[in-house]
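A.B. asks: My questions will all concern the structure given below.
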Amino acid sequence: MSTVIFRAIAPYLTALMVLFSIFVLLRGHNNPGGGFIGGLIAASAFAIYGIAYGVPPVRRAMRFHPMQLAAFGLVLAALAGVPSLLVSVPYLTGLWTYPTLFGVELALSTPLVFDIGVYCVVVGTISSIALSLEERER
Amino acid sequence: MEGPLALLVGCFFAASVYLMLSDSLIRILIGVVVLSNAVNLLIFVAGRIVKEVPPIIPLGAQIPPIETANPLPQALILTAIVISFSFFAFLLVLVFRTYQALGTDKTDEMHLAEPQGEPIPPRGY
Amino acid sequence: MAVSEKTVDLSQAMVTAPVAPADALIIAPIIITLFFGGLLLMTRKRAAWQVPMGLFALVLLLAACAGLLARVLTAGPVSVTMGSWLPPFGISFTADALGASFAFVSSLVALAVGLFASRDIDGLGQRYGFFAFLLLMMCGICGAFLTGDIFNLYVWFEVMLIASFGLMVLGNTRTQLDGAVRYALLNLLGAAFFLAATGYLYGSLGTLNMADITERLRQPTDGLPLNTIAALFILGFGMKAAAFPLAFWLPASYHTPSPAAAAIFAGLLTKVGAYALLRTMVMVMPAAHAVYADFLTWIAIGTMLLGSLGALAESDLRRLFGYVVISGIGIIFAGLALGSAGGLSGAIVYALHSMLVMTGLYLAAGIAARLGGSQQLRELGGLYGASPLLAGLTLLLILSAAALPPFSGFWAKIVVVEAAMVGGRWWLAGIVLVTGLFTALAAGRAFAHAFWRGGPVGTPDGAEKSVPGKLAAADLPLLLGPLGFLTMLTLLIGLYPQPVLRLAEIGAAGLLDPIPYVRAVFGAAP
């Protein structure tokens with residue numbers, strides 16, 4: 001699989017896919033997209049990088065073990081609903097705030113935090129499985 | 001449209017039962033995957049099939065103005081797909097590890113957890 | 001127009017009433033287990049953190065479940081719908097006396113197992129996440145007990161399953177892999193049937209909220225495939241609960257994982273299946289329960305016979321206790337099949353008793369196997385000499401499992417037998433008692449062989465053979481602590497059964513008369 005063309009293009013492809021996955025994650029609330037599909041795109045980006053250059057470089061690039069990333073996502077998703085409890089509405093009720101940054105209104109919300117958690121869980125689990133299967137192949 | 005899809009669900013179930021009756025772990029695994037797809041399709045058909053109009057209510061209205069697709073079965077199926085996908089990934093690794101450790105993928109040859117020919121339990125001291 | 005200026009009238013789609021802080025307790029078990037489970041998985045390389053953090057989370061979980069139970073007992077069923085969406089559309093969490101008491105006893109058992117594991121699981125097991133998986137499994141179990149939405153119940157089942165897979169293969173031995181394949185494939189199959197039933201239910205009624213379904217099925221329903229749905233529920237949950245023709249995966253797999261993991265499996269997982277059957281068959285679909293009452297009776301008889309005869313025919317200590325678990329499930333099914341207030345409260349008391357005692361039995365068998373160097377009755381012996389305290393506690397647990405007074409099992413069985421007699425099914429009562437005798441024989445024989453006699457087969461009578469102890473003497477008291485705790489609880493319930501019986505009566509009444517449950521979800525006028 002690791003031909004010259006593939007190895008030359010893989011870093012750009014990976015960077016582009018990770019960037020696109022974040023874009024998909026952020027547009028997810030009102031448009032097609034979201035944490036799950038974004039996470040899948042990012043995980044496949046890491047898998048492509050792993051096919052081209054082998055698994056150790058991917059693990060080095062990710063810095064944390066994929067399962068740790070997934071666990072972080074789990075914690076984030078669990079915590080995303082807690083602010084709603086503090087204002088006496090049911091768990092996971094969406095809370096919104098609209099700060100203005102550089103003249104642009106930003107819509108920040110607890111569902112976004114939850115979605116980022118889902119993103120991390122999906123990236124973590126899928127790339128953990130994909131990387132361990134790629135490792136066995138060699 | 002429901003009729004042919006219901007038949008398809010039946011075919012999926014039949015194929016999965018056939019595969020799961022095999023003695024090869026990989027076939028059983030594929031049978032489980034086909035079974036979960038059969039169930040997903042069943043939920044999809046059970047949710048009624050209507051025109052592909054996105055279920056979005058315009059601003060100011062309380063109900064959708066025209067008949068829209070039912071989003072709930074799709075949400076259910078999406079959840080079920082995610083779950084069955086992760087189970088499949090786990091089972092794939094588990095079956096592979098089992099194959100490596102036991103040296104076989106035939107269920108008839110796996111006797112570690114359920115040893116064969118055990119003597120009858122002691123009846124006295 | 002800026003985003004924040006778009007306002008929509010949401011009062012028709014969302015709950016606007018504030019949630020009382022005490023009602024928020026219903027979600028606390030989920031948050032605690034998810035948060036700490038994730039945190040432990042994140043920090044799994046730091047072996048020193050695992051035990052204190054895991055135990056802290058289990059104590060918090062116990063406190064949350066106790067608070068929830070107290071709240072339910074004082075204020076009736078509690079319901080909160082996640083995300084503020086109006087009930088049939090949002091996912092409701094609804095706790096009644098049944099769910100809250102099951103969650104409470106589960107968290108008690110989990111804490112005992114956690115204490116046991118803090119001494120028993122070696123550093124490797126902790127690093128690979130015993131406590132993380134234990135907490136995530138408790139998340140699934142508590143979620144299943146507390147949810148009020150049938151699809152959500154499926155999701156919690158799967159959370160519980162995948163975490164239990166992790167616990168099962170923690171040691172990574174060949175036997176564990178073999179057992180895990182059996183366990184995983186068959187449980188997955190059961191979950192698929194459950195999901196199919198959920199799909200049919202949604203297709204028939206267009207709703208998944210249990211209170212909503214309960215309400216609708218109390219009105220005339222013509223032409224709905226309710227009996228098919230109920231059959232699929234019995235199939236799926238029966239598989240999970242290890243009921244008669246579908247029970248063989250349990251003795252094939254529960255003896256393979258580490259003692260702590262096996263104990264929590266034996267104590268809790270089958271009871272989740274039994275709980276789901278109680279909830280769906282009795283509360284949600286009473287008409288289908290009437291149709292299947294005789295069928296469930298036969299399943300109960302088959303399960304009791306399979307469990308007790310299997311235990312008699314088994315020579316492996318932990319597999320033998322697996323069959324004892326199955327015969328207990330048969331008694332729960334007998335209560336379920338009776339369907340009367342007495343039968344249901346008997347099933348509930350037995351399930352609560354069984355959570356405590358089966359966990360204790362598996363912990364004892366785990367210690368015995370470590371101490372004696374084998375799980376085979378032939379090769380064991382002389383454990384009484386090695387640890388009189390362990391032998392004594394095991395004997396008490398066996399007596400409780402055999403339903404002798406003064407232990408909790410006695411009262412559980414009395415309630416079921418009495419309900420069977422009242423219902424005119426004296427033969428069912430007879431089978432409960434006869435299979436109880438078989439179970440007592442099998443477990444008593446196991447005690448006589450593994451603990452009481454001087455040594456393995458061939459040791460002359462009266463001769464003490466030294467036990468090849470693999471356990472450090474200093475570890476033993478710490479391992480016996482949780483075991484003693486569980487034994488004390490079953491003895492305490494046996495001596496003072498009134499609160500538990502009352503709790504079970506409230507739970508059974510809630511199943512038979514779901515109006516308070518439905519009101520809790522939809523408000524005063526549904």
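Chain labels follow the order of the structure tokens: the first chain is A, the next B, and so on; residue numbering restarts at 1 in every chain, and ligands are counted from 1 in their shown order.
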According to DSSP computed on the backbone, where in region 35-131 of chain A is there helix (DSSP H, G or I)? Give the residues as a PyMOL selection string.

C.D. replies: chain A and resi 35-53+55-62+66-80+82-86+110-131

A.B. asks: Set the cut-off to 9 Å and count only C-alpha atoms: what are the residues of chain A that reach chain B? Output as a VMD selection string.

C.D. replies: chain A and resid 125 to 126 129 133

A.B. asks: Write to file, as a short mmCIF file (atom, residue, chain, number, x, y, z; two decimals), in the first residue's frame, the residues of the selection just made, with N, CA and C atoms.

C.D. replies:
```cif
data_model
loop_
_atom_site.label_atom_id
_atom_site.label_comp_id
_atom_site.auth_asym_id
_atom_site.auth_seq_id
_atom_site.Cartn_x
_atom_site.Cartn_y
_atom_site.Cartn_z
N THR A 125 -12.10 5.59 20.03
CA THR A 125 -12.38 4.15 19.91
C THR A 125 -12.05 3.65 18.51
N ILE A 126 -12.51 4.37 17.49
CA ILE A 126 -12.33 3.83 16.13
C ILE A 126 -10.84 3.78 15.80
N ILE A 129 -9.15 0.87 17.57
CA ILE A 129 -9.37 -0.44 16.93
C ILE A 129 -8.63 -0.53 15.61
N LEU A 133 -5.60 -3.13 14.69
CA LEU A 133 -5.72 -4.09 13.59
C LEU A 133 -4.60 -3.88 12.58
#
```

A.B. asks: Which residues, written as JSON, numbers by chain, have at least one atom at most 9 Å from Ile28 (chain B), with only C-alpha atoms counted and residues fewer than 4 positions away on the same chain left out?

C.D. replies: {"B": [16, 17, 18, 19, 20, 21, 22, 23, 24, 32, 33], "C": [185]}

A.B. asks: Keeping only C-alpha atoms, write those residues as a compact mmCIF listing (two decimals), in the first residue's frame.

C.D. replies:
```txt
# COMPACT_ATOMS: atom_id res chain seq x y z
CA SER B 16 -28.32 -14.85 9.53
CA VAL B 17 -29.85 -17.93 11.17
CA TYR B 18 -28.22 -20.12 8.51
CA LEU B 19 -24.84 -18.48 9.10
CA MET B 20 -25.13 -18.67 12.88
CA LEU B 21 -25.82 -22.40 12.76
CA SER B 22 -22.37 -22.91 11.25
CA ASP B 23 -19.51 -24.18 13.38
CA SER B 24 -17.04 -21.59 12.11
CA VAL B 32 -24.66 -11.72 13.91
CA VAL B 33 -23.87 -8.71 11.69
CA LEU C 185 -22.24 -14.05 20.92
```

A.B. asks: What's the 6 Å shell around Ala71 (chain A), counting only C-alpha atoms, without same-chain residues fewer than 5 positions away, as a VMD selection string?

C.D. replies: chain C and resid 38 41 to 42

A.B. asks: Return the neighbours of chain C among the residues of chain A, cut-off 7 Å, counting only C-alpha atoms, as an NGL selection string.

C.D. replies: :A and (68 or 71-72 or 74-75 or 78 or 88-94 or 98)

A.B. asks: Which residues are near Leu495 (chain C)? Cut-off 9 Å, only C-alpha atoms, ignore same chain within fewer than 2 positions. Put them as a PyMOL selection string.

C.D. replies: chain C and resi 405-408+490-493+497

A.B. asks: May I have the residues of chain B within 9 Å of chain C, counting only C-alpha atoms, written as a ChimeraX atom specification?

C.D. replies: /B:25,28-29,32,35-36,38-40,42-48,59-60,62,73,76,79-80,83-84,86-87,90-91,94-95,97-98,101-102,110-114,118-125

A.B. asks: I'd like the neighbourhood of region 27-34 of chain A as JSON, numbers by chain, where a residue qualifies if any of its atoms comes within 12 Å (using only C-alpha atoms), though same-chain residues fewer than 3 positions away should be ignored.

C.D. replies: {"A": [20, 21, 22, 23, 24, 37, 38, 39, 40, 41, 94, 107, 108, 109, 110, 111, 112, 113, 114, 115, 116, 117, 118, 119, 120, 122], "B": [54, 56], "C": [3]}

A.B. asks: Store the residues picked out above, limited to N, CA and C atoms, as a PDB file, in the first residue's frame.

C.D. replies:
```pdb
ATOM      1  N   PHE A  20     -11.371  19.010   7.948  1.00  0.00           N
ATOM      2  CA  PHE A  20     -12.745  18.860   7.493  1.00  0.00           C
ATOM      3  C   PHE A  20     -13.603  18.237   8.595  1.00  0.00           C
ATOM      4  N   SER A  21     -13.006  17.308   9.353  1.00  0.00           N
ATOM      5  CA  SER A  21     -13.781  16.669  10.414  1.00  0.00           C
ATOM      6  C   SER A  21     -14.183  17.696  11.467  1.00  0.00           C
ATOM      7  N   ILE A  22     -13.286  18.647  11.753  1.00  0.00           N
ATOM      8  CA  ILE A  22     -13.642  19.678  12.742  1.00  0.00           C
ATOM      9  C   ILE A  22     -14.736  20.588  12.185  1.00  0.00           C
ATOM     10  N   PHE A  23     -14.631  20.870  10.872  1.00  0.00           N
ATOM     11  CA  PHE A  23     -15.679  21.672  10.229  1.00  0.00           C
ATOM     12  C   PHE A  23     -17.029  20.963  10.329  1.00  0.00           C
ATOM     13  N   VAL A  24     -17.025  19.671  10.041  1.00  0.00           N
ATOM     14  CA  VAL A  24     -18.276  18.899  10.106  1.00  0.00           C
ATOM     15  C   VAL A  24     -18.808  18.872  11.536  1.00  0.00           C
ATOM     16  N   ILE A  37     -20.116  11.762  12.972  1.00  0.00           N
ATOM     17  CA  ILE A  37     -19.588  11.645  11.619  1.00  0.00           C
ATOM     18  C   ILE A  37     -18.225  12.335  11.518  1.00  0.00           C
ATOM     19  N   GLY A  38     -18.091  13.455  12.234  1.00  0.00           N
ATOM     20  CA  GLY A  38     -16.799  14.137  12.259  1.00  0.00           C
ATOM     21  C   GLY A  38     -15.723  13.236  12.838  1.00  0.00           C
ATOM     22  N   GLY A  39     -16.072  12.543  13.904  1.00  0.00           N
ATOM     23  CA  GLY A  39     -15.112  11.635  14.531  1.00  0.00           C
ATOM     24  C   GLY A  39     -14.708  10.516  13.591  1.00  0.00           C
ATOM     25  N   LEU A  40     -15.678  10.016  12.832  1.00  0.00           N
ATOM     26  CA  LEU A  40     -15.353   8.949  11.881  1.00  0.00           C
ATOM     27  C   LEU A  40     -14.373   9.447  10.828  1.00  0.00           C
ATOM     28  N   ILE A  41     -14.597  10.700  10.352  1.00  0.00           N
ATOM     29  CA  ILE A  41     -13.692  11.244   9.329  1.00  0.00           C
ATOM     30  C   ILE A  41     -12.283  11.369   9.901  1.00  0.00           C
ATOM     31  N   GLY A  94     -30.290  21.894  26.681  1.00  0.00           N
ATOM     32  CA  GLY A  94     -29.335  22.781  26.026  1.00  0.00           C
ATOM     33  C   GLY A  94     -29.340  24.180  26.629  1.00  0.00           C
ATOM     34  N   ALA A 107     -22.506  31.361  18.657  1.00  0.00           N
ATOM     35  CA  ALA A 107     -23.520  30.614  19.402  1.00  0.00           C
ATOM     36  C   ALA A 107     -22.831  29.462  20.112  1.00  0.00           C
ATOM     37  N   LEU A 108     -22.577  29.630  21.400  1.00  0.00           N
ATOM     38  CA  LEU A 108     -21.940  28.571  22.180  1.00  0.00           C
ATOM     39  C   LEU A 108     -22.998  27.894  23.037  1.00  0.00           C
ATOM     40  N   SER A 109     -22.870  26.577  23.202  1.00  0.00           N
ATOM     41  CA  SER A 109     -23.927  25.885  23.936  1.00  0.00           C
ATOM     42  C   SER A 109     -23.384  24.611  24.566  1.00  0.00           C
ATOM     43  N   THR A 110     -24.152  24.077  25.507  1.00  0.00           N
ATOM     44  CA  THR A 110     -23.755  22.795  26.091  1.00  0.00           C
ATOM     45  C   THR A 110     -23.891  21.650  25.090  1.00  0.00           C
ATOM     46  N   PRO A 111     -24.871  21.663  24.155  1.00  0.00           N
ATOM     47  CA  PRO A 111     -24.856  20.583  23.155  1.00  0.00           C
ATOM     48  C   PRO A 111     -23.550  20.534  22.365  1.00  0.00           C
ATOM     49  N   LEU A 112     -22.923  21.706  22.170  1.00  0.00           N
ATOM     50  CA  LEU A 112     -21.648  21.708  21.456  1.00  0.00           C
ATOM     51  C   LEU A 112     -20.592  20.949  22.257  1.00  0.00           C
ATOM     52  N   VAL A 113     -20.592  21.195  23.586  1.00  0.00           N
ATOM     53  CA  VAL A 113     -19.636  20.479  24.447  1.00  0.00           C
ATOM     54  C   VAL A 113     -19.886  18.976  24.354  1.00  0.00           C
ATOM     55  N   PHE A 114     -21.161  18.611  24.395  1.00  0.00           N
ATOM     56  CA  PHE A 114     -21.518  17.205  24.295  1.00  0.00           C
ATOM     57  C   PHE A 114     -21.025  16.620  22.971  1.00  0.00           C
ATOM     58  N   ASP A 115     -21.226  17.383  21.895  1.00  0.00           N
ATOM     59  CA  ASP A 115     -20.831  16.913  20.577  1.00  0.00           C
ATOM     60  C   ASP A 115     -19.321  16.743  20.483  1.00  0.00           C
ATOM     61  N   ILE A 116     -18.576  17.675  21.119  1.00  0.00           N
ATOM     62  CA  ILE A 116     -17.119  17.524  21.121  1.00  0.00           C
ATOM     63  C   ILE A 116     -16.743  16.256  21.879  1.00  0.00           C
ATOM     64  N   GLY A 117     -17.482  15.975  22.951  1.00  0.00           N
ATOM     65  CA  GLY A 117     -17.245  14.735  23.685  1.00  0.00           C
ATOM     66  C   GLY A 117     -17.471  13.523  22.793  1.00  0.00           C
ATOM     67  N   VAL A 118     -18.583  13.533  22.056  1.00  0.00           N
ATOM     68  CA  VAL A 118     -18.871  12.418  21.149  1.00  0.00           C
ATOM     69  C   VAL A 118     -17.756  12.274  20.125  1.00  0.00           C
ATOM     70  N   TYR A 119     -17.304  13.421  19.595  1.00  0.00           N
ATOM     71  CA  TYR A 119     -16.219  13.431  18.607  1.00  0.00           C
ATOM     72  C   TYR A 119     -14.991  12.717  19.174  1.00  0.00           C
ATOM     73  N   CYS A 120     -14.623  13.085  20.406  1.00  0.00           N
ATOM     74  CA  CYS A 120     -13.429  12.480  21.011  1.00  0.00           C
ATOM     75  C   CYS A 120     -13.632  10.981  21.226  1.00  0.00           C
ATOM     76  N   VAL A 122     -15.523   8.936  19.540  1.00  0.00           N
ATOM     77  CA  VAL A 122     -15.497   8.209  18.275  1.00  0.00           C
ATOM     78  C   VAL A 122     -14.071   8.159  17.725  1.00  0.00           C
TER      79      VAL A 122
ATOM     80  N   PRO B  54     -37.593  16.386   4.405  1.00  0.00           N
ATOM     81  CA  PRO B  54     -36.973  16.525   5.734  1.00  0.00           C
ATOM     82  C   PRO B  54     -37.961  17.072   6.750  1.00  0.00           C
ATOM     83  N   ILE B  56     -38.612  19.305   8.926  1.00  0.00           N
ATOM     84  CA  ILE B  56     -38.222  20.587   9.517  1.00  0.00           C
ATOM     85  C   ILE B  56     -39.443  21.490   9.552  1.00  0.00           C
TER      86      ILE B  56
ATOM     87  N   VAL C   3     -28.224  35.404  15.523  1.00  0.00           N
ATOM     88  CA  VAL C   3     -28.780  34.104  15.898  1.00  0.00           C
ATOM     89  C   VAL C   3     -29.648  34.207  17.145  1.00  0.00           C
TER      90      VAL C   3
END
```
